[in-house]
Every structure is written in C-alpha cells, then in structure tokens.
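J.: This one is model-v9.tsv, TSV, C-alpha atoms.
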```
chain	number	residue	atom	x	y	z
A	1079	MET	CA	-98.73	6.01	-4.93
A	1080	ASN	CA	-96.66	6.33	-8.06
A	1081	PRO	CA	-98.41	8.77	-10.44
A	1082	TYR	CA	-96.26	7.67	-13.35
A	1083	ASN	CA	-97.01	4.01	-12.74
A	1084	THR	CA	-93.28	3.19	-12.80
A	1085	PRO	CA	-92.27	-0.16	-11.28
A	1086	THR	CA	-90.35	0.11	-7.99
A	1087	PRO	CA	-86.77	-1.29	-8.28
A	1088	ALA	CA	-86.09	-4.44	-6.33
A	1089	PRO	CA	-83.74	-4.05	-3.36
A	1090	ALA	CA	-80.09	-5.09	-3.96
A	1091	PRO	CA	-79.40	-8.65	-2.84
A	1092	SER	CA	-77.56	-8.75	0.47
A	1093	HIS	CA	-74.36	-10.89	0.94
A	1094	PRO	CA	-73.85	-13.06	3.99
A	1095	TRP	CA	-71.59	-11.38	6.52
A	1096	TRP	CA	-68.75	-13.84	6.04
A	1097	LYS	CA	-68.55	-12.84	2.36
A	1098	THR	CA	-68.25	-9.14	3.05
A	1099	THR	CA	-65.03	-7.17	2.72
A	1100	PRO	CA	-64.81	-6.34	6.46
A	1101	ALA	CA	-65.00	-10.04	7.32
A	1102	VAL	CA	-62.15	-10.91	4.94
A	1103	LEU	CA	-60.01	-8.03	6.23
A	1104	GLY	CA	-60.65	-9.14	9.78
A	1105	LEU	CA	-59.52	-12.67	8.91
A	1106	LEU	CA	-56.29	-11.27	7.46
A	1107	ALA	CA	-55.66	-9.25	10.61
A	1108	LEU	CA	-56.23	-12.42	12.64
A	1109	VAL	CA	-53.30	-14.02	10.78
A	1110	ALA	CA	-50.84	-11.52	12.27
A	1111	LEU	CA	-52.37	-11.75	15.73
A	1112	LEU	CA	-52.35	-15.54	15.99
A	1113	SER	CA	-48.92	-16.01	14.39
A	1114	ALA	CA	-47.44	-13.87	17.18
A	1115	PHE	CA	-48.37	-16.65	19.60
A	1116	SER	CA	-48.12	-19.75	17.38
A	1117	LEU	CA	-46.62	-19.89	13.91
A	1118	ALA	CA	-48.49	-23.10	13.12
A	1119	LEU	CA	-51.86	-21.62	14.15
A	1120	GLY	CA	-51.17	-18.43	12.23
A	1121	PHE	CA	-50.33	-20.48	9.13
A	1122	LEU	CA	-53.63	-22.36	9.33
A	1123	VAL	CA	-55.57	-19.10	9.65
A	1124	MET	CA	-53.67	-17.72	6.67
A	1125	ILE	CA	-54.82	-20.73	4.57
A	1126	ALA	CA	-58.42	-19.96	5.60
A	1127	ALA	CA	-57.92	-16.30	4.69
A	1128	MET	CA	-56.62	-17.27	1.24
A	1129	VAL	CA	-59.72	-19.39	0.64
A	1130	ALA	CA	-61.90	-16.45	1.67
A	1131	VAL	CA	-60.01	-14.05	-0.58
A	1132	TRP	CA	-60.09	-16.24	-3.69
A	1133	VAL	CA	-63.48	-17.94	-3.25
A	1134	LEU	CA	-65.77	-15.77	-1.11
A	1135	SER	CA	-64.67	-12.18	-1.66
A	1136	PRO	CA	-66.06	-10.13	-4.59
A	1137	TRP	CA	-62.63	-8.51	-5.18
A	1138	ARG	CA	-60.92	-8.23	-8.52
A	1139	TRP	CA	-57.94	-10.53	-9.32
A	1140	PHE	CA	-55.23	-7.92	-8.69
A	1141	THR	CA	-56.80	-7.12	-5.32
A	1142	ARG	CA	-56.78	-10.79	-4.44
A	1143	ILE	CA	-53.05	-11.06	-5.34
A	1144	GLY	CA	-52.30	-8.06	-3.13
A	1145	ALA	CA	-54.25	-9.61	-0.28
A	1146	THR	CA	-52.30	-12.87	-0.65
A	1147	LEU	CA	-48.94	-11.09	-0.44
A	1148	GLY	CA	-50.23	-9.05	2.46
A	1149	ALA	CA	-51.21	-12.22	4.33
A	1150	LEU	CA	-47.70	-13.63	3.92
A	1151	LEU	CA	-46.23	-10.36	5.19
A	1152	LEU	CA	-48.56	-10.35	8.17
A	1153	LEU	CA	-47.60	-13.94	8.99
A	1154	THR	CA	-43.88	-13.06	8.95
A	1155	VAL	CA	-44.32	-9.89	11.00
A	1156	GLY	CA	-46.49	-11.63	13.52
A	1157	ALA	CA	-44.03	-14.47	13.95
A	1158	GLY	CA	-41.19	-11.98	14.38
A	1159	LEU	CA	-43.07	-10.04	16.99
A	1160	GLY	CA	-43.85	-13.26	18.78
A	1161	GLY	CA	-40.17	-14.14	18.94
A	1162	GLN	CA	-39.25	-10.71	20.29
A	1163	LEU	CA	-41.97	-10.94	22.90
A	1164	GLY	CA	-40.70	-14.37	23.92
A	1165	ASP	CA	-37.09	-13.07	24.23
A	1166	SER	CA	-38.34	-10.10	26.25
A	1167	ARG	CA	-40.26	-12.39	28.58
A	1168	THR	CA	-37.19	-14.57	29.03
A	1169	GLY	CA	-34.96	-11.58	29.64
A	1170	THR	CA	-37.46	-10.13	32.11
A	1171	ALA	CA	-37.68	-13.41	33.99
A	1172	ASP	CA	-33.89	-13.68	34.13
A	1173	ALA	CA	-33.61	-10.08	35.34
A	1174	LYS	CA	-36.21	-10.73	38.02
A	1175	THR	CA	-34.35	-13.81	39.16
A	1176	ALA	CA	-31.07	-11.88	39.35
A	1177	ASP	CA	-32.79	-9.07	41.29
A	1178	ASN	CA	-34.23	-11.57	43.73
A	1179	VAL	CA	-30.81	-13.11	44.30
A	1180	ARG	CA	-29.22	-9.72	44.89
A	1181	ALA	CA	-32.07	-8.66	47.15
A	1182	SER	CA	-31.83	-11.78	49.27
A	1183	GLY	CA	-28.04	-11.56	49.40
A	1184	THR	CA	-27.81	-15.30	48.81
A	1185	ALA	CA	-25.38	-16.50	46.16
A	1186	VAL	CA	-25.32	-20.09	44.97
A	1187	SER	CA	-21.80	-21.16	43.98
A	1188	ALA	CA	-21.74	-24.09	41.62
A	1189	SER	CA	-18.89	-26.56	41.69
A	1190	PRO	CA	-16.29	-26.20	38.88
A	1191	SER	CA	-17.35	-29.53	37.41
A	1192	ALA	CA	-20.96	-28.39	37.22
A	1193	SER	CA	-20.30	-24.95	35.72
A	1194	ARG	CA	-17.56	-25.95	33.31
A	1195	PRO	CA	-18.53	-28.11	30.29
A	1196	ALA	CA	-16.80	-31.47	29.99
A	1197	LYS	CA	-13.67	-31.39	27.84
A	1198	ALA	CA	-13.72	-33.34	24.58
A	1199	ALA	CA	-11.80	-36.60	24.40
A	1200	ASP	CA	-8.42	-36.71	22.63
A	1201	TYR	CA	-8.87	-38.23	19.17
A	1202	THR	CA	-5.40	-37.48	17.73
A	1203	GLY	CA	-3.73	-40.41	16.02
A	1204	ARG	CA	-7.03	-42.11	15.22
A	1205	PRO	CA	-8.65	-42.63	11.80
A	1206	LEU	CA	-10.74	-39.58	10.95
A	1207	ASN	CA	-13.97	-41.50	10.33
A	1208	GLU	CA	-13.76	-43.19	13.75
A	1209	ALA	CA	-12.92	-39.91	15.51
A	1210	GLU	CA	-15.90	-38.13	13.95
A	1211	LYS	CA	-18.23	-41.01	14.81
A	1212	ASP	CA	-17.18	-41.06	18.47
A	1213	ALA	CA	-17.32	-37.26	18.70
A	1214	ARG	CA	-20.89	-37.23	17.37
A	1215	SER	CA	-21.81	-39.94	19.86
A	1216	ALA	CA	-20.51	-37.63	22.60
A	1217	GLY	CA	-22.83	-34.88	21.38
A	1218	TYR	CA	-20.34	-32.86	19.32
A	1219	THR	CA	-20.76	-31.45	15.84
A	1220	ALA	CA	-17.65	-32.55	13.94
A	1221	VAL	CA	-15.98	-30.83	10.98
A	1222	ASN	CA	-12.59	-31.49	9.37
A	1223	HIS	CA	-9.85	-29.91	7.24
A	1224	ASP	CA	-6.42	-30.71	5.81
A	1225	ALA	CA	-3.70	-30.38	8.47
A	1226	ALA	CA	-1.06	-29.71	5.80
A	1227	ASP	CA	-0.53	-26.48	3.90
A	1228	GLU	CA	-2.00	-27.99	0.72
A	1229	ASP	CA	-5.69	-27.27	1.55
A	1230	ARG	CA	-6.88	-30.60	0.11
A	1231	VAL	CA	-10.51	-31.71	0.23
A	1232	ILE	CA	-11.08	-34.74	2.46
A	1233	ILE	CA	-13.33	-37.27	0.72
A	1234	LEU	CA	-12.58	-40.78	2.03
A	1235	ARG	CA	-12.24	-40.09	5.75
A	1236	SER	CA	-11.17	-43.66	6.59
A	1237	GLY	CA	-7.91	-42.98	4.73
A	1238	TRP	CA	-7.02	-39.95	6.88
A	1239	THR	CA	-5.56	-39.70	10.38
A	1240	VAL	CA	-6.25	-37.00	12.96
A	1241	CYS	CA	-3.19	-34.85	13.76
A	1242	PHE	CA	-4.80	-31.96	15.67
A	1243	GLN	CA	-8.20	-31.08	17.08
A	1244	ASN	CA	-9.81	-27.83	18.19
A	1245	SER	CA	-12.91	-28.27	20.34
A	1246	ASP	CA	-15.40	-25.90	21.96
A	1247	ALA	CA	-17.05	-27.72	24.86
A	1248	SER	CA	-19.67	-25.02	25.45
A	1249	ALA	CA	-20.76	-24.95	21.79
A	1250	LYS	CA	-20.24	-28.74	21.45
A	1251	THR	CA	-18.23	-28.39	18.24
A	1252	ILE	CA	-14.93	-30.00	17.29
A	1253	ASP	CA	-12.68	-29.37	14.27
A	1254	PHE	CA	-10.32	-32.17	13.21
A	1255	ALA	CA	-7.10	-31.47	11.27
A	1256	ALA	CA	-5.98	-34.62	9.45
A	1257	VAL	CA	-3.50	-35.95	6.89
A	1258	ARG	CA	-3.54	-39.06	4.73
A	1259	THR	CA	-2.70	-42.19	6.70
A	1260	SER	CA	0.59	-42.66	4.80
A	1261	GLU	CA	1.73	-39.11	5.58
A	1262	PRO	CA	3.51	-37.68	8.64
A	1263	CYS	CA	1.79	-34.98	10.69
A	1264	PRO	CA	3.15	-31.44	10.29
A	1265	GLU	CA	4.69	-29.69	13.27
A	1266	LYS	CA	1.64	-27.43	13.50
A	1267	ASP	CA	-1.79	-27.19	11.93
A	1268	GLY	CA	-1.41	-25.83	8.40
A	1269	GLY	CA	2.34	-26.49	8.23
A	1270	PRO	CA	4.26	-28.39	5.51
A	1271	LEU	CA	4.47	-32.17	5.61
A	1272	PRO	CA	7.85	-33.13	7.14
A	1273	TRP	CA	8.89	-35.76	4.61
A	1274	PRO	CA	12.24	-37.47	5.38
A	1275	LYS	CA	15.22	-36.74	3.12
A	1276	MET	CA	17.24	-39.44	1.45
A	1277	PRO	CA	20.67	-39.95	3.08
A	1278	ASP	CA	23.84	-40.79	1.14
A	1279	VAL	CA	24.38	-44.55	1.52
A	1280	VAL	CA	26.53	-45.24	-1.58
A	1281	GLY	CA	29.58	-47.25	-0.56
A	1282	ALA	CA	28.06	-48.37	2.76
A	1283	THR	CA	27.38	-51.97	3.64
A	1284	TYR	CA	23.78	-53.09	3.55
A	1285	ASN	CA	23.57	-53.13	7.35
A	1286	LYS	CA	24.95	-49.59	7.59
A	1287	ALA	CA	22.63	-48.36	4.82
A	1288	VAL	CA	19.56	-49.78	6.57
A	1289	GLY	CA	20.55	-48.07	9.80
A	1290	ASP	CA	21.01	-44.72	8.04
A	1291	LEU	CA	17.63	-45.02	6.31
A	1292	LYS	CA	15.89	-45.77	9.62
A	1293	GLN	CA	17.57	-42.82	11.30
A	1294	ALA	CA	16.46	-40.53	8.47
A	1295	GLY	CA	12.85	-41.70	8.87
A	1296	VAL	CA	12.60	-43.53	5.54
A	1297	ASP	CA	10.07	-46.37	5.61
A	1298	LEU	CA	11.97	-49.58	4.81
A	1299	ASP	CA	8.82	-51.02	3.19
A	1300	ARG	CA	9.44	-48.54	0.38
A	1301	VAL	CA	12.97	-49.86	-0.27
A	1302	THR	CA	13.61	-52.22	-3.20
A	1303	LEU	CA	16.86	-54.01	-3.96
A	1304	ASP	CA	18.65	-54.66	-7.24
A	1305	ASP	CA	22.02	-56.14	-8.23
A	1306	VAL	CA	24.83	-54.57	-10.22
A	1307	TYR	CA	26.65	-57.63	-11.61
A	1308	LEU	CA	25.43	-59.63	-14.57
A	1309	ASP	CA	26.26	-62.95	-12.92
A	1310	ILE	CA	24.80	-62.26	-9.46
A	1311	ASP	CA	21.07	-62.32	-8.82
A	1312	THR	CA	19.25	-59.73	-6.71
A	1313	PRO	CA	19.03	-60.79	-3.06
A	1314	THR	CA	15.88	-60.54	-1.03
A	1315	ALA	CA	15.87	-58.25	1.98
A	1316	ALA	CA	16.25	-61.29	4.26
A	1317	GLU	CA	19.22	-62.62	2.24
A	1318	ALA	CA	20.88	-59.22	2.21
A	1319	ALA	CA	20.40	-58.84	5.95
A	1320	GLN	CA	21.84	-62.31	6.57
A	1321	ASP	CA	25.17	-61.26	5.04
A	1322	GLY	CA	24.70	-57.54	5.49
A	1323	ASP	CA	28.43	-56.76	5.64
A	1324	ASP	CA	29.16	-58.61	2.38
A	1325	TRP	CA	26.66	-56.57	0.34
A	1326	ARG	CA	27.61	-53.00	-0.56
A	1327	VAL	CA	25.48	-50.22	-1.96
A	1328	CYS	CA	26.86	-49.25	-5.35
A	1329	PHE	CA	24.06	-46.95	-6.51
A	1330	GLN	CA	20.98	-45.39	-4.91
A	1331	SER	CA	17.80	-43.75	-6.08
A	1332	PRO	CA	16.73	-41.08	-5.30
A	1333	GLY	CA	19.87	-39.07	-4.63
A	1334	LYS	CA	21.03	-37.54	-1.40
A	1335	GLY	CA	18.75	-34.83	0.02
A	1336	THR	CA	15.68	-35.80	-2.04
A	1337	LYS	CA	12.36	-35.83	-0.17
A	1338	VAL	CA	10.99	-39.35	0.21
A	1339	ASP	CA	7.22	-38.93	0.14
A	1340	SER	CA	4.44	-41.51	-0.04
A	1341	ALA	CA	4.89	-41.92	-3.82
A	1342	THR	CA	8.69	-42.34	-3.75
A	1343	THR	CA	10.32	-45.75	-4.21
A	1344	VAL	CA	13.84	-46.08	-2.82
A	1345	THR	CA	16.14	-48.37	-4.81
A	1346	LEU	CA	19.47	-49.72	-3.56
A	1347	ASP	CA	21.70	-51.40	-6.17
A	1348	LEU	CA	23.91	-53.91	-4.37
A	1349	GLY	CA	27.18	-55.60	-5.12
A	1350	GLN	CA	28.58	-58.50	-3.10
A	1351	TRP	CA	32.15	-59.47	-2.36
A	1352	THR	CA	34.30	-60.84	0.42
A	1353	ASP	CA	38.04	-60.74	1.06
A	1354	ALA	CA	38.43	-63.89	-1.06
A	1355	ASP	CA	36.94	-62.32	-4.22
A	1356	LEU	CA	39.16	-61.01	-6.99
A	1357	VAL	CA	36.78	-58.11	-7.71
A	1358	GLN	CA	36.06	-56.02	-4.62
A	1359	ARG	CA	34.67	-52.81	-6.06
A	1360	CYS	CA	31.50	-51.46	-7.63
A	1361	PRO	CA	31.28	-51.28	-11.42
A	1362	SER	CA	31.05	-47.91	-13.12
A	1363	GLU	CA	27.52	-48.77	-14.29
A	1364	LYS	CA	25.07	-51.44	-13.27
A	1365	ASP	CA	24.33	-54.46	-15.48
A	1366	THR	CA	27.55	-54.05	-17.46
A	1367	THR	CA	30.13	-56.11	-15.50
A	1368	TYR	CA	30.58	-59.72	-14.44
A	1369	LYS	CA	31.74	-60.27	-10.87
A	1370	ILE	CA	33.80	-63.23	-12.06
A	1371	PRO	CA	35.43	-62.26	-15.38
A	1372	ALA	CA	35.55	-65.90	-16.55
A	1373	ASN	CA	31.74	-65.89	-16.57
A	1374	ASP	CA	31.76	-63.26	-19.30
A	1375	PRO	CA	30.87	-64.88	-22.65
A	1376	ASP	CA	33.45	-62.60	-24.29
A	1377	TYR	CA	36.17	-63.25	-21.74
A	1378	ASP	CA	39.56	-63.89	-23.39
A	1379	SER	CA	41.89	-66.03	-21.30
A	1380	GLY	CA	44.89	-65.29	-23.48
A	1381	ASP	CA	45.06	-68.67	-25.20
A	1382	GLY	CA	42.26	-68.00	-27.64
A	1383	SER	CA	39.48	-69.53	-25.53
A	1384	VAL	CA	36.52	-67.50	-24.27
A	1385	GLY	CA	34.23	-67.70	-21.29
A	1386	ASN	CA	31.52	-70.32	-20.88
A	1387	GLY	CA	28.75	-68.01	-22.04
A	1388	THR	CA	26.18	-69.72	-19.87
A	1389	THR	CA	25.77	-67.13	-17.18
A	1390	ASP	CA	24.48	-64.04	-18.86
A	1391	ARG	CA	20.98	-62.67	-18.26
A	1392	ASP	CA	19.35	-64.28	-21.27
A	1393	SER	CA	20.30	-67.85	-20.31
A	1394	GLY	CA	19.57	-67.44	-16.62
A	1395	ALA	CA	22.04	-65.74	-14.31
A	1396	PRO	CA	23.32	-67.87	-11.45
A	1397	HIS	CA	21.98	-67.05	-8.06
A	1398	ARG	CA	23.78	-66.89	-4.79
A	1399	ASP	CA	23.20	-70.07	-2.77
A	1400	SER	CA	24.58	-69.98	0.76
A	1401	SER	CA	24.26	-73.78	1.11
A	1402	SER	CA	26.65	-74.47	-1.83
A	1403	SER	CA	29.48	-72.60	-0.14
A	1404	SER	CA	29.65	-75.21	2.60
A	1405	GLY	CA	28.75	-78.29	0.56
A	1406	GLY	CA	30.96	-77.97	-2.53
A	1407	SER	CA	33.84	-75.74	-1.58
A	1408	THR	CA	37.38	-77.12	-1.33
A	1409	GLY	CA	39.21	-73.81	-1.08
A	1410	GLY	CA	38.23	-70.27	-0.22
A	1411	GLY	CA	34.56	-71.14	0.23
A	1412	THR	CA	33.28	-68.77	-2.51
A	1413	SER	CA	30.11	-69.95	-4.25
A	1414	VAL	CA	29.14	-68.65	-7.69
A	1415	GLY	CA	26.10	-70.78	-8.46
A	1416	THR	CA	25.69	-72.54	-11.84
A	1417	VAL	CA	28.88	-73.03	-13.86
A	1418	HIS	CA	29.97	-74.82	-17.06
A	1419	PRO	CA	32.35	-77.77	-16.59
A	1420	GLY	CA	35.74	-77.20	-18.20
A	1421	SER	CA	35.44	-73.42	-18.49
A	1422	PHE	CA	37.96	-71.08	-16.94
A	1423	CYS	CA	37.25	-69.92	-13.40
A	1424	SER	CA	38.56	-67.93	-10.47
A	1425	PRO	CA	39.45	-67.87	-7.68
A	1426	ALA	CA	40.91	-71.28	-6.99
A	1427	GLY	CA	38.74	-73.22	-4.58
A	1428	ALA	CA	35.49	-71.52	-5.59
A	1429	ALA	CA	32.47	-73.82	-5.60
A	1430	GLY	CA	29.57	-74.12	-7.99
A	1431	VAL	CA	27.16	-76.55	-9.58
A	1432	SER	CA	26.63	-77.57	-13.17
A	1433	GLN	CA	23.30	-77.22	-14.90
A	1434	ALA	CA	22.75	-80.90	-14.13
A	1435	GLY	CA	23.26	-80.21	-10.42
A	1436	THR	CA	26.77	-81.78	-10.16
A	1437	PRO	CA	28.99	-80.10	-7.52
A	1438	MET	CA	31.90	-78.32	-9.20
A	1439	VAL	CA	35.09	-76.76	-7.87
A	1440	CYS	CA	37.53	-74.31	-9.40
A	1441	GLY	CA	41.05	-75.80	-9.61
A	1442	PRO	CA	44.08	-76.30	-11.90
A	1443	GLY	CA	43.40	-78.16	-15.10
A	1444	SER	CA	45.73	-80.16	-17.36
A	1445	ASP	CA	47.13	-76.93	-18.76
A	1446	GLY	CA	47.81	-75.58	-15.28
A	1447	ARG	CA	45.03	-73.00	-15.46
A	1448	ASN	CA	42.00	-72.94	-13.19
A	1449	ARG	CA	38.96	-74.68	-14.68
A	1450	TRP	CA	35.69	-76.02	-13.38
A	1451	HIS	CA	35.75	-79.77	-12.64
A	1452	ARG	CA	33.91	-82.18	-10.43
A	1453	ALA	CA	34.37	-81.62	-6.72
```
Just give me the structure of the file as structure tokens.
T.:
Amino acid sequence: MNPYNTPTPAPAPSHPWWKTTPAVLGLLALVALLSAFSLALGFLVMIAAMVAVWVLSPWRWFTRIGATLGALLLLTVGAGLGGQLGDSRTGTADAKTADNVRASGTAVSASPSASRPAKAADYTGRPLNEAEKDARSAGYTAVNHDAADEDRVIILRSGWTVCFQNSDASAKTIDFAAVRTSEPCPEKDGGPLPWPKMPDVVGATYNKAVGDLKQAGVDLDRVTLDDVYLDIDTPTAAEAAQDGDDWRVCFQSPGKGTKVDSATTVTLDLGQWTDADLVQRCPSEKDTTYKIPANDPDYDSGDGSVGNGTTDRDSGAPHRDSSSSSGGSTGGGTSVGTVHPGSFCSPAGAAGVSQAGTPMVCGPGSDGRNRWHRA
C-alpha cells in the first residue's frame, strides 16, 4: 500500500527479440560465418543485416553507418578465410595423395603427349586478324605488338602480317609480333625494318635496270617510267620490256643507296636509241632536248628554214609506234611517229606519218637535203 497515494509507474514496453541489439549483432556475425562457405549466401545475409540495422534497430545514425561498414568488412574477411580454407583443403588432399603414392611405391608414368601441352600452330606469314581468330579458336589468349623497333600501336589488324610468335602452351597464351602488310619482316623481333636500298642503274639498259632492281629487293610495282626527249612519249612497262635493250636509263629517283620504303616511288627516266639514230646519248637534263634535231621548232638547217614545230609537248608529242617501222620504212627502219610533210628530217630512210595518217619517209628533196615526203 502506497501511503503517499502516488501512482505506480507503468513498466517499460518490451521490444521483440528480433529488434534487440544482440539479435542485430548476431546477424552481423552470421555474415562473416556464412561468407566463409559461400560468398553469395554471405552477401544475402549482409543485405538482411543492413535492413535490420537501418529499420529495426534503435541505434543512432552514426552507429548504423559503423555497422554497415563493419558488415562489409566481415563479408570480405569471411570470403578471404573461405578461400584460404579451400586452398588448405586442396593442398591437404594433394599431400595425402602424394603420401599414398609414396607409401604404396606405385608410380604412374604418363606418356609425353599426355603430360606435355600441345604446341601452338605456326601462324607466321598470315594476316594478324586471321591468326588471332584461329588462336582463340584453339583456346589461346592472343595479344600482339609491333615487330619493328618503332613500337607502333596496331589498330587495323587485317592490314598487318605476323612475323614472329611467342606461345606458352601451359598458360594457353600467344603473343604475335607483326608488321604492316607492305613491310618486310625484321631479322628479329624488335629489329629495324630491312628496307631495300636503291641501286645505281643510270646508263643501264631497261632490261639490266629491271634485273638490278629485282636483285636489290625493290618492288617493281613501285617503279614508274618517264621519257627524257621532247619528241618521244613515255613507254609503258610492257613497251619498254619489248625493246628493253633500246631503252636506256638516263636519270633515276631516288639516288643510289636511298632506302626504298612503302611510301617511296621509284622513277626511271628513259631515252631510246638504236645504232641507226644520230643521237645516241642522254641529254644533260630531261625535257630539254629533241631526239631528232629537225623536230625542234627552233631548229636552224643553215638555209634560214626552221623545224616543223609540230612535235613539241603543247601540240602533242609523237609517240613511238612499233608497227610504223615495218610498214612505212624504206631505209634504216627508224620510226619517229607524226611528222610534217616537207620539213627537214634525219636520218635518211626514217619513217613516219603525217597528221592525216599518210605514210611518210625521210629522203632527199629537190634541194638535195633530207625532207619528209610520201612513202
């Protein structure tokens, strides 16, 4: 009985057990325990613990943050311990197996083909993209690098060719060393590109020049031809090869000893003459001299007359036509292409055609000097 008639305080409300601090702490400890066996299961329990910390627990906000960080730490530690336990179990099992083999005195010898990993295929000389695709199909991890000493980044692999490869069959990795398809492979991985050097072909016949370029390793597809006389057109490679001993190299570019790389264009400036021609030498400069002096518009014959003026570059230089030498020649068989009737010419017997297509021949005129007239 209360003599002071004071009301008795009501008992403090009790919280369900799952909302109590011990229950939340136990859930956090369960995160570390379960993550040691299964990371996925430990992660799910950690999510449940976070819900309990932020929704059910009566903790202050900074305590909840600390509990969250602690849960992440427990998850990491538990997973690490689980991995170590797994490695220990594997090592123990392997040790037991080895002990059993030694105890029994029985050794199992595997065949070389079974114990040694299969060697990677040889991909050298193939496009890099195809080599990497086939290597991946064989189970290899493929990487690449520049085979030259320039350390370039390989972007478009289809434009590169494999020069060397370094494979590890046990690790199933392969490293391709490649160069651009238009480039030669270096002597060793990381070495300089062995570009060919331009030989000296000035003065050689076209046939001899082509042989020297091939021997030096220069790609003939990179060779362009030009002429040196104002009245002789540039031959094609087929035309020059047809009469390869009649064409001579007067000038070349680049000069002797220059590296001929994938960006270099080789130019051969050709002159043509036979034993029947009056001029049998290269001019001092290209595009300054007429092979036949009478074709020069400024040619002075000595009697006050000048050349025909119809064969310089602006009016259309005559071109070499092998068929005219046999169809219109009455003398030495030399053909000079388009000529102007009545103009001075040389040598006697040379053949040509007028602009109208009439066959012409070089022979003595009424004044006793050689002029073009109908054949």
J.: Using only C-alpha atoms for the distances, tell me which of A:Gly1427, A:Gly1281, A:Gly1443, A:Pro1270 is nearest to Asp1324 (chain A).
T.: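 Checking each candidate against Asp1324 (chain A), we get A:Gly1281 as the closest.
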J.: Could you tell me how far CA of Lys1266 (chain A) sits from CA of Ala1213 (chain A), in Å to one decimal place?
T.: 22.0 Å
J.: When you count all atoms listed in the file, which of these residues is closest to Thr1283 (chain A): A:Val1338, A:Leu1356, A:Ala1319, A:Val1431?
T.: A:Ala1319
J.: Using all atoms listed in the file for the distances, tell me which of A:Val1257, A:Ile1252, A:Leu1298, A:Leu1119 is nearest to Pro1205 (chain A).
T.: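 Using all atoms listed in the file, the shortest distance to Pro1205 (chain A) belongs to A:Val1257.
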J.: Between CA of Ile1143 (chain A) and CA of Ala1118 (chain A), what distance in Å does the model show, to one decimal?
T.: 22.5 Å
J.: What does the structure give for the distance between CA of Val1279 (chain A) and CA of Asp1355 (chain A), in Å to one decimal?
T.: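 Those two atoms sit 22.5 Å apart.
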J.: Which of these, A:Val1306, A:Val1327, A:Val1231, A:Ala1318, has the shortest distance to Thr1367 (chain A) once you count all atoms listed in the file?
T.: A:Val1306
J.: My list of candidates is A:Pro1272, A:Pro1264, A:Pro1437, A:Gly1203. Which is closest to Val1296 (chain A) when distances are computed with all atoms listed in the file?
T.: A:Pro1272
J.: Choose the residue, out of A:Gly1268, A:Gly1335, A:Gly1430, A:Gly1322, that has the smallest atom-to-atom separation from Ala1294 (chain A); count all atoms listed in the file.
T.: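 With all atoms listed in the file as the atom set, the closest residue is A:Gly1335.
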J.: I want to know what sits within 12 Å of Pro1332 (chain A), based on all atoms listed in the file, with residues of the same chain fewer than 4 positions away left out; could you give that as a JSON list (two decimals) with C-alpha atoms, in the coordinates of the input?
T.:
```json
[["chain", "number", "residue", "atom", "x", "y", "z"],
["A", 1275, "LYS", "CA", 15.22, -36.74, 3.12],
["A", 1276, "MET", "CA", 17.24, -39.44, 1.45],
["A", 1277, "PRO", "CA", 20.67, -39.95, 3.08],
["A", 1278, "ASP", "CA", 23.84, -40.79, 1.14],
["A", 1279, "VAL", "CA", 24.38, -44.55, 1.52],
["A", 1280, "VAL", "CA", 26.53, -45.24, -1.58],
["A", 1296, "VAL", "CA", 12.60, -43.53, 5.54],
["A", 1300, "ARG", "CA", 9.44, -48.54, 0.38],
["A", 1301, "VAL", "CA", 12.97, -49.86, -0.27],
["A", 1302, "THR", "CA", 13.61, -52.22, -3.20],
["A", 1336, "THR", "CA", 15.68, -35.80, -2.04],
["A", 1337, "LYS", "CA", 12.36, -35.83, -0.17],
["A", 1338, "VAL", "CA", 10.99, -39.35, 0.21],
["A", 1339, "ASP", "CA", 7.22, -38.93, 0.14],
["A", 1341, "ALA", "CA", 4.89, -41.92, -3.82],
["A", 1342, "THR", "CA", 8.69, -42.34, -3.75],
["A", 1343, "THR", "CA", 10.32, -45.75, -4.21],
["A", 1344, "VAL", "CA", 13.84, -46.08, -2.82],
["A", 1345, "THR", "CA", 16.14, -48.37, -4.81],
["A", 1346, "LEU", "CA", 19.47, -49.72, -3.56],
["A", 1347, "ASP", "CA", 21.70, -51.40, -6.17]]
```
J.: Using the structure just given, write a file holding N, CA, C and O atoms for region 1337-1347 of chain A, as a compact mmCIF listing (two decimals), in the first residue's frame.
T.:
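Done, and the output landed in result_31.txt:
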```txt
# COMPACT_ATOMS: atom_id res chain seq x y z
N LYS A 1337 67.01 4.31 -99.07
CA LYS A 1337 66.07 3.27 -98.68
C LYS A 1337 64.76 3.42 -99.44
O LYS A 1337 64.20 4.51 -99.51
N VAL A 1338 64.28 2.33 -99.98
CA VAL A 1338 63.02 2.33 -100.73
C VAL A 1338 61.96 1.69 -99.83
O VAL A 1338 61.82 0.46 -99.76
N ASP A 1339 61.23 2.53 -99.09
CA ASP A 1339 60.21 2.01 -98.19
C ASP A 1339 58.85 2.00 -98.88
O ASP A 1339 58.74 2.24 -100.08
N SER A 1340 57.81 1.72 -98.09
CA SER A 1340 56.47 1.56 -98.66
C SER A 1340 55.90 2.87 -99.21
O SER A 1340 54.92 2.83 -99.95
N ALA A 1341 56.49 4.01 -98.87
CA ALA A 1341 55.99 5.29 -99.36
C ALA A 1341 56.85 5.84 -100.49
O ALA A 1341 56.57 6.93 -101.00
N THR A 1342 57.89 5.13 -100.91
CA THR A 1342 58.81 5.62 -101.92
C THR A 1342 58.35 5.20 -103.31
O THR A 1342 57.99 4.04 -103.53
N THR A 1343 58.37 6.14 -104.25
CA THR A 1343 58.10 5.86 -105.65
C THR A 1343 59.40 5.96 -106.43
O THR A 1343 60.09 6.98 -106.37
N VAL A 1344 59.74 4.89 -107.13
CA VAL A 1344 60.96 4.86 -107.94
C VAL A 1344 60.63 5.32 -109.35
O VAL A 1344 59.69 4.81 -109.97
N THR A 1345 61.38 6.29 -109.85
CA THR A 1345 61.17 6.82 -111.20
C THR A 1345 62.41 6.58 -112.04
O THR A 1345 63.52 6.92 -111.63
N LEU A 1346 62.21 6.01 -113.22
CA LEU A 1346 63.28 5.81 -114.20
C LEU A 1346 62.96 6.67 -115.42
O LEU A 1346 61.89 6.52 -116.03
N ASP A 1347 63.85 7.59 -115.76
CA ASP A 1347 63.69 8.44 -116.94
C ASP A 1347 64.46 7.81 -118.09
O ASP A 1347 65.69 7.67 -118.02
```
